[in-house]
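Undergrad: Just one file: query.csv, with CSV, N, CA, C and O atoms.
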```csv
chain,number,residue,atom,x,y,z
A,238,MET,N,0.9,-1.2,0.0
A,238,MET,CA,0.0,0.0,0.0
A,238,MET,C,0.9,1.2,0.0
A,238,MET,O,1.7,1.4,0.9
A,239,THR,N,0.7,2.1,-1.0
A,239,THR,CA,1.5,3.2,-1.1
A,239,THR,C,0.9,4.5,-0.5
A,239,THR,O,-0.2,4.4,0.0
A,240,VAL,N,1.7,5.5,-0.4
A,240,VAL,CA,1.2,6.8,0.2
A,240,VAL,C,0.1,7.3,-0.7
A,240,VAL,O,-0.9,7.9,-0.2
A,241,ASN,N,0.1,7.1,-2.0
A,241,ASN,CA,-0.9,7.6,-2.9
A,241,ASN,C,-2.2,6.9,-2.6
A,241,ASN,O,-3.3,7.5,-2.7
A,242,ASP,N,-2.2,5.6,-2.3
A,242,ASP,CA,-3.4,4.8,-2.0
A,242,ASP,C,-4.0,5.4,-0.7
A,242,ASP,O,-5.2,5.6,-0.6
A,243,VAL,N,-3.2,5.6,0.3
A,243,VAL,CA,-3.7,6.2,1.6
A,243,VAL,C,-4.3,7.5,1.4
A,243,VAL,O,-5.4,7.9,1.9
A,244,THR,N,-3.6,8.4,0.6
A,244,THR,CA,-4.1,9.7,0.3
A,244,THR,C,-5.5,9.6,-0.5
A,244,THR,O,-6.4,10.4,-0.2
A,245,ALA,N,-5.6,8.7,-1.4
A,245,ALA,CA,-6.8,8.6,-2.2
A,245,ALA,C,-8.0,8.1,-1.3
A,245,ALA,O,-9.1,8.6,-1.4
A,246,ILE,N,-7.7,7.2,-0.4
A,246,ILE,CA,-8.7,6.7,0.5
A,246,ILE,C,-9.2,7.8,1.5
A,246,ILE,O,-10.4,8.0,1.7
A,247,ALA,N,-8.2,8.5,2.0
A,247,ALA,CA,-8.5,9.6,2.9
A,247,ALA,C,-9.3,10.7,2.2
A,247,ALA,O,-10.3,11.2,2.8
A,248,GLY,N,-8.9,11.0,1.0
A,248,GLY,CA,-9.7,12.0,0.2
A,248,GLY,C,-11.1,11.6,-0.1
A,248,GLY,O,-12.1,12.4,0.1
A,249,ASP,N,-11.3,10.3,-0.4
A,249,ASP,CA,-12.6,9.8,-0.7
A,249,ASP,C,-13.5,9.8,0.6
A,249,ASP,O,-14.6,10.1,0.5
A,250,ALA,N,-12.8,9.4,1.7
A,250,ALA,CA,-13.5,9.4,3.0
A,250,ALA,C,-14.0,10.8,3.4
A,250,ALA,O,-15.1,11.0,3.8
A,251,ILE,N,-13.1,11.8,3.2
A,251,ILE,CA,-13.5,13.1,3.6
A,251,ILE,C,-14.6,13.7,2.7
A,251,ILE,O,-15.5,14.3,3.1
A,252,TYR,N,-14.5,13.4,1.4
A,252,TYR,CA,-15.5,13.8,0.4
A,252,TYR,C,-16.9,13.1,0.8
A,252,TYR,O,-17.9,13.8,0.7
A,253,THR,N,-16.9,11.9,1.2
A,253,THR,CA,-18.1,11.2,1.5
A,253,THR,C,-18.7,11.8,2.8
A,253,THR,O,-19.9,12.0,2.9
A,254,ILE,N,-17.8,12.1,3.8
A,254,ILE,CA,-18.3,12.7,5.0
A,254,ILE,C,-19.0,14.1,4.7
A,254,ILE,O,-20.0,14.4,5.2
A,255,ILE,N,-18.3,14.9,3.9
A,255,ILE,CA,-18.9,16.2,3.6
A,255,ILE,C,-20.2,16.0,2.8
A,255,ILE,O,-21.2,16.7,3.1
A,256,LYS,N,-20.2,15.1,1.9
A,256,LYS,CA,-21.4,14.9,1.0
A,256,LYS,C,-22.6,14.4,1.9
A,256,LYS,O,-23.7,14.8,1.7
A,257,CYS,N,-22.3,13.6,2.9
A,257,CYS,CA,-23.4,13.0,3.7
A,257,CYS,C,-23.8,14.0,4.8
A,257,CYS,O,-25.0,13.9,5.2
A,258,SER,N,-23.0,14.8,5.3
A,258,SER,CA,-23.3,15.8,6.3
A,258,SER,C,-23.9,17.1,5.8
A,258,SER,O,-24.5,17.8,6.6
A,259,ALA,N,-23.7,17.4,4.6
A,259,ALA,CA,-24.1,18.7,4.0
A,259,ALA,C,-25.6,18.9,4.1
A,259,ALA,O,-26.0,20.0,4.5
A,260,PRO,N,-26.5,17.9,3.8
A,260,PRO,CA,-27.9,18.2,4.0
A,260,PRO,C,-28.3,18.6,5.4
A,260,PRO,O,-29.1,19.6,5.6
A,261,MET,N,-27.8,17.9,6.4
A,261,MET,CA,-28.2,18.2,7.8
A,261,MET,C,-27.6,19.6,8.2
A,261,MET,O,-28.3,20.4,8.9
A,262,LEU,N,-26.4,19.9,7.7
A,262,LEU,CA,-25.9,21.2,8.1
A,262,LEU,C,-26.6,22.4,7.4
A,262,LEU,O,-26.9,23.4,8.0
A,263,LEU,N,-27.0,22.2,6.2
A,263,LEU,CA,-27.8,23.2,5.5
A,263,LEU,C,-29.2,23.4,6.1
A,263,LEU,O,-29.6,24.5,6.2
A,264,VAL,N,-29.8,22.3,6.5
A,264,VAL,CA,-31.1,22.4,7.2
A,264,VAL,C,-31.0,23.2,8.5
A,264,VAL,O,-31.8,24.1,8.8
A,265,SER,N,-29.9,22.8,9.2
A,265,SER,CA,-29.7,23.5,10.5
A,265,SER,C,-29.4,25.0,10.3
A,265,SER,O,-29.9,25.9,11.1
A,266,LEU,N,-28.6,25.3,9.3
A,266,LEU,CA,-28.3,26.7,9.0
A,266,LEU,C,-29.5,27.5,8.6
A,266,LEU,O,-29.8,28.6,9.1
A,267,ILE,N,-30.4,26.9,7.7
A,267,ILE,CA,-31.6,27.6,7.3
A,267,ILE,C,-32.6,27.8,8.4
A,267,ILE,O,-33.1,28.9,8.6
A,268,VAL,N,-32.8,26.8,9.2
A,268,VAL,CA,-33.7,26.9,10.3
A,268,VAL,C,-33.2,27.9,11.3
A,268,VAL,O,-34.0,28.7,11.9
A,269,GLY,N,-31.9,27.9,11.6
A,269,GLY,CA,-31.3,28.8,12.6
A,269,GLY,C,-31.5,30.3,12.1
A,269,GLY,O,-31.7,31.2,12.9
A,270,LEU,N,-31.3,30.5,10.8
A,270,LEU,CA,-31.4,31.8,10.2
A,270,LEU,C,-32.9,32.3,10.3
A,270,LEU,O,-33.1,33.4,10.7
A,271,ILE,N,-33.8,31.4,10.0
A,271,ILE,CA,-35.2,31.8,10.1
A,271,ILE,C,-35.6,32.1,11.5
A,271,ILE,O,-36.3,33.1,11.8
A,272,VAL,N,-35.2,31.3,12.5
A,272,VAL,CA,-35.5,31.6,13.9
A,272,VAL,C,-34.9,32.8,14.3
A,272,VAL,O,-35.5,33.6,15.1
A,273,SER,N,-33.6,33.1,13.9
A,273,SER,CA,-32.9,34.3,14.3
A,273,SER,C,-33.7,35.5,13.7
A,273,SER,O,-33.8,36.5,14.5
A,274,ILE,N,-34.1,35.5,12.5
A,274,ILE,CA,-34.8,36.6,11.9
A,274,ILE,C,-36.1,36.8,12.7
A,274,ILE,O,-36.5,37.9,13.0
A,275,PHE,N,-36.8,35.7,13.0
A,275,PHE,CA,-38.1,35.8,13.8
A,275,PHE,C,-37.8,36.4,15.2
A,275,PHE,O,-38.6,37.3,15.6
A,276,GLN,N,-36.7,36.0,15.8
A,276,GLN,CA,-36.4,36.6,17.1
A,276,GLN,C,-36.1,38.1,17.0
A,276,GLN,O,-36.4,38.9,17.9
A,277,THR,N,-35.4,38.5,16.0
A,277,THR,CA,-35.1,39.9,15.8
A,277,THR,C,-36.3,40.7,15.5
A,277,THR,O,-36.5,41.8,16.1
A,278,VAL,N,-37.2,40.2,14.7
A,278,VAL,CA,-38.4,41.0,14.3
A,278,VAL,C,-39.4,41.1,15.6
A,278,VAL,O,-39.9,42.2,15.8
A,279,THR,N,-39.5,40.0,16.4
A,279,THR,CA,-40.4,40.1,17.5
A,279,THR,C,-39.7,40.5,18.8
A,279,THR,O,-40.4,40.6,19.8
A,280,SER,N,-38.5,40.8,18.8
A,280,SER,CA,-37.7,41.2,20.0
A,280,SER,C,-37.8,40.1,21.1
A,280,SER,O,-37.7,40.5,22.3
A,281,ILE,N,-37.9,38.9,20.7
A,281,ILE,CA,-37.8,37.8,21.7
A,281,ILE,C,-36.3,37.4,21.9
A,281,ILE,O,-35.7,37.1,20.9
A,282,GLN,N,-35.8,37.5,23.1
A,282,GLN,CA,-34.4,37.2,23.4
A,282,GLN,C,-34.2,35.9,24.1
A,282,GLN,O,-33.3,35.7,24.9
A,283,GLU,N,-35.1,34.9,23.8
A,283,GLU,CA,-34.9,33.6,24.5
A,283,GLU,C,-33.8,32.8,23.7
A,283,GLU,O,-34.0,32.5,22.5
A,284,GLN,N,-32.8,32.4,24.4
A,284,GLN,CA,-31.7,31.7,23.8
A,284,GLN,C,-32.0,30.2,23.5
A,284,GLN,O,-31.4,29.7,22.6
A,285,THR,N,-32.9,29.6,24.2
A,285,THR,CA,-33.3,28.2,23.9
A,285,THR,C,-34.3,28.0,22.8
A,285,THR,O,-34.6,26.9,22.5
A,286,LEU,N,-34.8,29.1,22.3
A,286,LEU,CA,-35.8,29.0,21.2
A,286,LEU,C,-35.3,28.3,20.0
A,286,LEU,O,-36.0,27.7,19.2
A,287,THR,N,-34.0,28.4,19.7
A,287,THR,CA,-33.5,27.9,18.5
A,287,THR,C,-33.3,26.4,18.5
A,287,THR,O,-33.3,25.8,17.4
A,288,PHE,N,-33.2,25.8,19.7
A,288,PHE,CA,-32.9,24.4,19.7
A,288,PHE,C,-34.0,23.5,19.3
A,288,PHE,O,-33.8,22.5,18.5
A,289,VAL,N,-35.2,23.7,19.7
A,289,VAL,CA,-36.3,22.8,19.4
A,289,VAL,C,-36.6,22.8,17.9
A,289,VAL,O,-36.7,21.7,17.3
A,290,PRO,N,-36.7,24.0,17.2
A,290,PRO,CA,-37.0,23.9,15.7
A,290,PRO,C,-35.8,23.2,15.0
A,290,PRO,O,-36.1,22.5,14.0
A,291,LYS,N,-34.6,23.5,15.4
A,291,LYS,CA,-33.5,22.8,14.7
A,291,LYS,C,-33.5,21.3,14.9
A,291,LYS,O,-33.3,20.6,13.9
A,292,VAL,N,-33.8,20.8,16.1
A,292,VAL,CA,-33.8,19.4,16.4
A,292,VAL,C,-34.9,18.8,15.5
A,292,VAL,O,-34.7,17.7,14.9
A,293,LEU,N,-36.1,19.4,15.5
A,293,LEU,CA,-37.2,18.8,14.7
A,293,LEU,C,-36.9,18.9,13.2
A,293,LEU,O,-37.2,17.9,12.5
A,294,ALA,N,-36.3,19.9,12.7
A,294,ALA,CA,-36.0,20.0,11.3
A,294,ALA,C,-34.9,19.0,10.9
A,294,ALA,O,-35.0,18.4,9.9
A,295,ILE,N,-33.9,18.8,11.8
A,295,ILE,CA,-32.9,17.8,11.5
A,295,ILE,C,-33.4,16.4,11.5
A,295,ILE,O,-33.1,15.6,10.7
A,296,PHE,N,-34.3,16.2,12.5
A,296,PHE,CA,-35.0,14.9,12.5
A,296,PHE,C,-35.8,14.6,11.3
A,296,PHE,O,-35.7,13.5,10.7
A,297,ILE,N,-36.5,15.5,10.8
A,297,ILE,CA,-37.3,15.4,9.6
A,297,ILE,C,-36.4,15.2,8.4
A,297,ILE,O,-36.6,14.4,7.5
A,298,ALA,N,-35.3,16.0,8.3
A,298,ALA,CA,-34.4,15.9,7.2
A,298,ALA,C,-33.7,14.5,7.2
A,298,ALA,O,-33.4,14.0,6.2
A,299,LEU,N,-33.4,14.0,8.4
A,299,LEU,CA,-32.8,12.7,8.5
A,299,LEU,C,-33.7,11.6,8.0
A,299,LEU,O,-33.3,10.6,7.3
A,300,MET,N,-35.0,11.8,8.3
A,300,MET,CA,-36.0,10.8,7.8
A,300,MET,C,-36.1,10.9,6.3
A,300,MET,O,-36.3,9.8,5.7
A,301,VAL,N,-36.0,12.1,5.7
A,301,VAL,CA,-36.2,12.2,4.3
A,301,VAL,C,-34.9,11.8,3.6
A,301,VAL,O,-34.9,11.1,2.6
A,302,MET,N,-33.8,12.2,4.1
A,302,MET,CA,-32.5,12.0,3.4
A,302,MET,C,-31.7,10.8,3.9
A,302,MET,O,-30.6,10.5,3.3
A,303,GLY,N,-32.2,10.1,4.9
A,303,GLY,CA,-31.5,8.9,5.4
A,303,GLY,C,-31.2,7.9,4.4
A,303,GLY,O,-30.1,7.3,4.5
A,304,HIS,N,-32.1,7.6,3.5
A,304,HIS,CA,-31.8,6.5,2.5
A,304,HIS,C,-30.7,6.9,1.6
A,304,HIS,O,-29.8,6.1,1.3
A,305,TRP,N,-30.7,8.2,1.2
A,305,TRP,CA,-29.6,8.7,0.3
A,305,TRP,C,-28.2,8.7,1.0
A,305,TRP,O,-27.2,8.3,0.4
A,306,ILE,N,-28.2,9.1,2.3
A,306,ILE,CA,-27.0,9.1,3.1
A,306,ILE,C,-26.5,7.7,3.2
A,306,ILE,O,-25.3,7.4,3.1
A,307,MET,N,-27.4,6.7,3.6
A,307,MET,CA,-26.9,5.4,3.8
A,307,MET,C,-26.4,4.8,2.5
A,307,MET,O,-25.4,4.0,2.5
A,308,ASN,N,-27.1,5.1,1.3
A,308,ASN,CA,-26.6,4.6,0.1
A,308,ASN,C,-25.2,5.1,-0.2
A,308,ASN,O,-24.3,4.4,-0.8
A,309,ASN,N,-24.9,6.4,0.1
A,309,ASN,CA,-23.6,6.9,-0.2
A,309,ASN,C,-22.5,6.2,0.7
A,309,ASN,O,-21.4,5.9,0.2
A,310,MET,N,-22.9,6.0,2.0
A,310,MET,CA,-21.9,5.3,2.9
A,310,MET,C,-21.7,3.9,2.5
A,310,MET,O,-20.5,3.4,2.5
A,311,VAL,N,-22.7,3.2,2.1
A,311,VAL,CA,-22.6,1.8,1.6
A,311,VAL,C,-21.8,1.7,0.3
A,311,VAL,O,-20.9,0.9,0.2
A,312,GLU,N,-22.0,2.7,-0.6
A,312,GLU,CA,-21.2,2.7,-1.8
A,312,GLU,C,-19.7,2.9,-1.5
A,312,GLU,O,-18.9,2.3,-2.2
A,313,PHE,N,-19.4,3.8,-0.6
A,313,PHE,CA,-18.0,4.1,-0.3
A,313,PHE,C,-17.4,2.8,0.3
A,313,PHE,O,-16.3,2.4,0.0
A,314,MET,N,-18.1,2.2,1.3
A,314,MET,CA,-17.5,1.0,1.9
A,314,MET,C,-17.4,-0.2,1.0
A,314,MET,O,-16.4,-0.9,1.1
A,315,THR,N,-18.4,-0.3,0.1
A,315,THR,CA,-18.3,-1.4,-0.9
A,315,THR,C,-17.1,-1.2,-1.8
A,315,THR,O,-16.4,-2.2,-2.1
A,316,GLY,N,-16.9,0.0,-2.3
A,316,GLY,CA,-15.7,0.3,-3.1
A,316,GLY,C,-14.4,0.1,-2.3
A,316,GLY,O,-13.4,-0.4,-2.9
A,317,LEU,N,-14.4,0.4,-1.0
A,317,LEU,CA,-13.2,0.2,-0.2
A,317,LEU,C,-12.9,-1.3,0.0
A,317,LEU,O,-11.8,-1.7,-0.2
A,318,TRP,N,-13.9,-2.1,0.2
A,318,TRP,CA,-13.7,-3.5,0.5
A,318,TRP,C,-13.5,-4.3,-0.8
A,318,TRP,O,-12.8,-5.3,-0.8
A,319,THR,N,-14.0,-3.9,-1.9
A,319,THR,CA,-13.8,-4.6,-3.2
A,319,THR,C,-12.3,-4.4,-3.6
A,319,THR,O,-11.8,-5.3,-4.3
A,320,ASP,N,-11.7,-3.3,-3.3
A,320,ASP,CA,-10.3,-3.0,-3.6
A,320,ASP,C,-9.3,-3.5,-2.5
A,320,ASP,O,-8.2,-3.1,-2.6
A,321,PHE,N,-9.8,-4.3,-1.6
A,321,PHE,CA,-9.0,-4.7,-0.5
A,321,PHE,C,-7.8,-5.5,-0.9
A,321,PHE,O,-6.7,-5.3,-0.3
A,322,ASN,N,-7.9,-6.3,-1.9
A,322,ASN,CA,-6.7,-7.1,-2.4
A,322,ASN,C,-5.6,-6.2,-2.9
A,322,ASN,O,-4.4,-6.5,-2.7
A,323,ARG,N,-5.9,-5.1,-3.5
A,323,ARG,CA,-4.9,-4.1,-4.0
A,323,ARG,C,-4.2,-3.5,-2.8
A,323,ARG,O,-3.0,-3.2,-3.0
A,324,TYR,N,-4.8,-3.3,-1.7
A,324,TYR,CA,-4.1,-2.6,-0.6
A,324,TYR,C,-3.2,-3.6,0.2
A,324,TYR,O,-2.4,-3.1,1.0
A,325,LEU,N,-3.3,-4.9,0.0
A,325,LEU,CA,-2.5,-5.8,0.8
A,325,LEU,C,-1.1,-5.9,0.2
A,325,LEU,O,-0.2,-6.5,0.9
A,326,ARG,N,-0.9,-5.5,-1.0
A,326,ARG,CA,0.4,-5.7,-1.6
A,326,ARG,C,1.5,-4.9,-0.9
A,326,ARG,O,1.4,-3.9,-0.4
```
What does the file become when written as structure tokens?

TA:
Amino acid sequence: MTVNDVTAIAGDAIYTIIKCSAPMLLVSLIVGLIVSIFQTVTSIQEQTLTFVPKVLAIFIALMVMGHWIMNNMVEFMTGLWTDFNRYLR
């Protein structure tokens, strides 16, 4: 196993992590922005108000996007394990 192989595996792993976590991060960002704008407009200064909508939105996004995320992770792991013989040299 060469340094290039390790670098390629690490790069693919990082890309898969970013690709799988991006939907949840975007949902959290959008919900946080909406709640923040709502707090600014209504002058509500409750710090814990952002947590419940974010948790609910991320839970719903996980339910919707979970199949896609799992397919991406399984595809990465299948590719990793099918090339296992190449890494043993």

Undergrad: Rank nothing, just name the residue among A:Leu270, A:Leu299, A:Cys257, A:Ala245 nearest to Val311 (chain A), using only C-alpha atoms.

TA: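 Of A:Leu270, A:Leu299, A:Cys257, A:Ala245, the one nearest Val311 (chain A) is A:Cys257, counting only C-alpha atoms.
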
Undergrad: Can you measure CA of Val240 (chain A) to CA of Tyr324 (chain A) for me? One decimal in Å is fine.

TA: 10.8 Å

Undergrad: So that all listed atoms of region 292-308 of chain A fit with 4 Å spare on each side, what axis-aligned box centre and edge lengths in Å, to one decimal, would you give as lines of an AutoDock Vina configuration file?

TA:
```
center_x = -30.8
center_y = 12.4
center_z = 7.8
size_x = 21.0
size_y = 24.8
size_z = 25.2
```

Undergrad: Would you mind telling me which residue in A:Arg323, A:Ile271, A:Gly316, A:Ser265 lies nearest to Val292 (chain A) when using all atoms listed in the file?

TA: A:Ser265

Undergrad: So which residues fall inside 7 Å of (-29.5, 19.7, 9.3) if we count all atoms listed in the file? Mind giving them as JSON, numbers by chain?

TA: {"A": [258, 259, 260, 261, 262, 263, 264, 265, 266, 291, 294, 295, 296, 298, 299]}

Undergrad: Out of A:Lys256, A:Val272, A:Thr239, A:Val289, which residue has the shortest atom-to-atom distance to Trp305 (chain A) when counting only C-alpha atoms?

TA: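 Selected residue with least distance to Trp305 (chain A): A:Lys256.
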
Undergrad: To one decimal place in Å, what is the distance between CA of Phe288 (chain A) and CA of Ile255 (chain A)?

TA: 22.9 Å
